[in-house]
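What follows is a set of notes on a single structure, which appears directly below.
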Amino acid sequence: MLVVVTGGIAAYKTAYLVRRLHEADALVDVVLTPSAEKFVGRVTFEGLTGRPARTSLWERPLDHIELGSEADLAVVAPATADFLSKMAAGGADTLAAATLLAAACPVLLCPAMNERMWEHPATRRNIETLREFGLEMVGPDRGDLAEGEIGIGRMSEPAGIMAVAGRMLEEATLRERRIVVTAGPTRAPIDPVRYIGNRSSGHMGQALAASAWRRGADVVLVSGPVARPHPYGVEVVEVETSDEMLEALSAALGSAHLLLMAAAVADFVSPSPSSSKIKKDGSGLELGLVSGPDLLKETRGIREERGVLTLGFALETDTPVENGRSKLESKKMDFVAINEVGDPAAGFDVPTNRVTLLDRWGGLEEFPVLSKEEVADRLLDRVEARLD
Ligand code: CTP
């Protein structure tokens, strides 16, 4: 992976980006323009990657050819207005520009500049030209700019750049597929301040949404209240109650090919939540809970009608495979990923998961303990194979 740093204040964020790429096991070569070095020194990048960072065309004569032919992807972060204009014109006066001109790999631009510079017709034209050349772009985002102004021009955050880079590198096996994912808990309100919830963090559903997006899918993520940031690139519908989740899910399923149902939907709800705060009088409180909607059962009709392939989860304490199989049938799922309650490597509060995958064709596969991201990838591999 090649990271080209040009001279803008956002170069400090590129240090974080390079660190995250390195942590993700990418072999990162960094090239800086001379003005980038005025913002962040090459030693910083050398320390982060453990590899030499380069700035000059004259240090090693063939660097500009080798760097771009060895990389799978080149990321230009930040890409200044001046550098974009140079690229659009085919300039090659610095190692950074010459390397990109000679690069054989896809290129991702991460522009960063003042809003007026971004909106200037010259920049607009350069951007159009670069898009015509087939270059990809992420950002710039709206927000606080360096001069104290607020507007469009911020370089995208490293997490967003990583996500887009991941999508560019991954084979687009789910292109033109519309995938609905549910994640997180739902809340069953008791009164305006209290609710019944559960410990779902949304991690598993988010990992599935991120993996599907990386494979080129259009992803709608229907999410209950979660503390974790939503994954980049997906369309998010935030909901709170199971009724709201059912409504959002039914709307999204109209055009879906696949449903990944990872939400921990409240099974028990208060029949009539109070509109004012319930006062305590020392005698306790009877909640008198009733069953809430079962979203998989409620959406069975639309899923069957539209042929939506469905993967759900099952949280079990006893006879997991038996119970999983009966949920597969009763809820009309095609796949069910079973988690065992009480497994220290699986469940709500841990970054790992251990699942047993059953499918309606009789398949049974036990996965080892994996990160939730790896579980998501494996589940999608299996589901993808049945999509057609
Ligand atoms: N699910 C749902 N609607 C609910 C509860 C669960 O659609 N009200 C979905 C979950 O998202 C999951 C699957 O059904 O994909 C199984 O969830 P699980 O909690 O294991 O089962 P329950 O249906 O709640 O059954 P039980 O609690 O009796 O095991």
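Labels for the structure tokens follow display order: chains A, B, ..., residues from 1 in each chain, ligands from 1.
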inquiry  = Taking only C-alpha atoms and all ligand atoms into account, which residues have an atom no farther than 6 Å from ligand 1? I'd like them as an MDAnalysis selection string.
reply    = chainID A and resid 261:267 293:296 312:315
key: Shell of 8 Å around Met87 in chain A, only C-alpha atoms, local chain residues under 3 positions omitted, as a ChimeraX atom specification   = /A:83-84,90-91,97,100-101,130
Keeping only N, CA and C atoms, write the selected residues to a file as a compact mmCIF listing (two decimals), in the first residue's frame.
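What follows is the written file again11.txt:
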# COMPACT_ATOMS: atom_id res chain seq x y z
N PHE A 83 -2.10 19.94 -5.35
CA PHE A 83 -1.66 18.61 -5.80
C PHE A 83 -2.69 18.01 -6.77
N LEU A 84 -3.98 18.26 -6.49
CA LEU A 84 -5.02 17.74 -7.40
C LEU A 84 -4.86 18.38 -8.77
N GLY A 90 -1.27 16.03 -15.16
CA GLY A 90 -0.24 15.02 -15.47
C GLY A 90 1.15 15.43 -15.04
N GLY A 91 1.25 16.29 -14.03
CA GLY A 91 2.57 16.75 -13.56
C GLY A 91 3.37 15.64 -12.91
N ALA A 97 4.20 13.15 -7.20
CA ALA A 97 3.44 13.29 -8.45
C ALA A 97 3.90 12.27 -9.49
N LEU A 100 2.60 8.74 -8.73
CA LEU A 100 1.18 8.54 -9.04
C LEU A 100 0.94 8.49 -10.54
N LEU A 101 1.72 9.27 -11.29
CA LEU A 101 1.56 9.24 -12.75
C LEU A 101 1.97 7.87 -13.29
N LEU A 130 -10.07 14.15 -12.81
CA LEU A 130 -9.49 13.01 -12.08
C LEU A 130 -10.48 11.85 -11.99
message = Report as a PyMOL selection string all protein, DNA and RNA residues lying within 8 Å of Ser223 in chain A, evaluated on only C-alpha atoms, omitting residues in the same chain fewer than 6 positions from it.
response = chain A and resi 182-185+202+236-239+245+263
Export of the given selection (N, CA and C atoms) as a PDB file, in the first residue's frame:
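Listing of selection.pdb after writing:
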ATOM      1  N   THR A 182     -29.880  -5.835  10.715  1.00  0.00           N
ATOM      2  CA  THR A 182     -30.346  -5.221  11.959  1.00  0.00           C
ATOM      3  C   THR A 182     -29.280  -5.448  13.019  1.00  0.00           C
ATOM      4  N   ALA A 183     -29.135  -4.465  13.921  1.00  0.00           N
ATOM      5  CA  ALA A 183     -28.076  -4.552  14.930  1.00  0.00           C
ATOM      6  C   ALA A 183     -28.533  -3.889  16.218  1.00  0.00           C
ATOM      7  N   GLY A 184     -27.906  -4.302  17.300  1.00  0.00           N
ATOM      8  CA  GLY A 184     -28.122  -3.627  18.578  1.00  0.00           C
ATOM      9  C   GLY A 184     -29.383  -4.091  19.287  1.00  0.00           C
ATOM     10  N   PRO A 185     -29.646  -3.472  20.427  1.00  0.00           N
ATOM     11  CA  PRO A 185     -30.824  -3.848  21.216  1.00  0.00           C
ATOM     12  C   PRO A 185     -32.040  -3.045  20.769  1.00  0.00           C
ATOM     13  N   GLY A 202     -24.315  -4.173  19.514  1.00  0.00           N
ATOM     14  CA  GLY A 202     -24.438  -3.906  18.075  1.00  0.00           C
ATOM     15  C   GLY A 202     -23.206  -4.337  17.286  1.00  0.00           C
ATOM     16  N   VAL A 236     -27.971   4.280   7.427  1.00  0.00           N
ATOM     17  CA  VAL A 236     -28.371   3.887   8.781  1.00  0.00           C
ATOM     18  C   VAL A 236     -29.775   4.398   9.085  1.00  0.00           C
ATOM     19  N   VAL A 237     -30.618   3.523   9.614  1.00  0.00           N
ATOM     20  CA  VAL A 237     -31.919   3.945  10.138  1.00  0.00           C
ATOM     21  C   VAL A 237     -31.882   3.653  11.639  1.00  0.00           C
ATOM     22  N   GLU A 238     -31.920   4.718  12.437  1.00  0.00           N
ATOM     23  CA  GLU A 238     -31.849   4.517  13.891  1.00  0.00           C
ATOM     24  C   GLU A 238     -33.252   4.358  14.451  1.00  0.00           C
ATOM     25  N   VAL A 239     -33.436   3.336  15.266  1.00  0.00           N
ATOM     26  CA  VAL A 239     -34.743   3.084  15.877  1.00  0.00           C
ATOM     27  C   VAL A 239     -34.532   2.815  17.359  1.00  0.00           C
ATOM     28  N   MET A 245     -38.433  -0.809  14.911  1.00  0.00           N
ATOM     29  CA  MET A 245     -37.524  -1.646  14.119  1.00  0.00           C
ATOM     30  C   MET A 245     -38.312  -2.431  13.075  1.00  0.00           C
ATOM     31  N   ALA A 263     -30.056  -8.143  15.375  1.00  0.00           N
ATOM     32  CA  ALA A 263     -30.549  -7.338  16.507  1.00  0.00           C
ATOM     33  C   ALA A 263     -31.053  -8.230  17.631  1.00  0.00           C
TER      34      ALA A 263
END
query = If you count only C-alpha atoms, which residues fall within 10 Å of Leu253 in chain A, apart from same-chain ones fewer than 3 positions away, as an NGL selection string?
reply = :A and (178-180 or 220 or 248-250 or 256-259 or 299 or 302-303 or 306 or 308)
task = Based on DSSP run over this structure's backbone, return all residues of range 138-289 of chain A in alpha helix (DSSP H), as an NGL selection string.
result = :A and (158-169 or 203-214 or 242-253)
request  = Fewer than 3 positions away in the same chain doesn't count, so skip those; otherwise give me all residues within 6 Å of Ala103 in chain A, counting only C-alpha atoms, as a VMD selection string.
outcome  = chain A and resid 68 to 69 99 to 100
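Between Ala89 in chain A and the residues A:Leu73, A:Thr129, A:Phe39, A:Met333, the shortest atom-to-atom distance, using only C-alpha atoms, involves A:Thr129.
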task = Can you check which residues of range 64-267 of chain A DSSP gives as strand (DSSP E) on the backbone and send them as a ChimeraX atom specification?
result = /A:74-79,107-111,136-137,141-144,150-154,178-183,188-189,195-196,218-223,235-238,258-261
ask   = If you measure from CA of Glu132 in chain A to CA of Lys86 in chain A, what distance in Å do you get, rounded to one decimal?
value = 15.2 Å
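With only C-alpha atoms as the atoms that count, the residue of A:Thr173, A:Thr80, A:Thr352, A:Thr14 with the shortest distance to Glu115 in chain A is A:Thr80.
Using only C-alpha atoms, the shortest contact distance between Leu95 in chain A and any of A:Ala53, A:Met204, A:Ile338, A:Met155 is found at A:Ala53.
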ask   = How many Å lie between CA of Leu208 in chain A and CA of Ala165 in chain A, rounded to one decimal?
value = 17.4 Å
task = Write out as a list in words the residues lying within 10 Å of range 143-149 of chain A, counting only C-alpha atoms and excluding same-chain residues fewer than 3 positions away.
result = Gly8, Ile9, Ala10, Ala112, Met113, Asn114, Glu115, Pro140, Ile152, Gly153, Arg154 and Met155 of chain A
task = Check the smallest atom-to-atom distance from each of A:Ala104, A:Val75, A:Ile190, A:Ala217 to Gly288 in chain A using only C-alpha atoms, then report the winner.
result =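 Of A:Ala104, A:Val75, A:Ile190, A:Ala217, the one nearest Gly288 in chain A is A:Ile190, counting only C-alpha atoms.
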inquiry  = My list of candidates is A:Pro78, A:Leu357, A:Arg175, A:Pro189. Which is closest to Val138 in chain A when distances are computed with only C-alpha atoms?
reply    =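 Smallest separation from Val138 in chain A among the options: A:Pro78.
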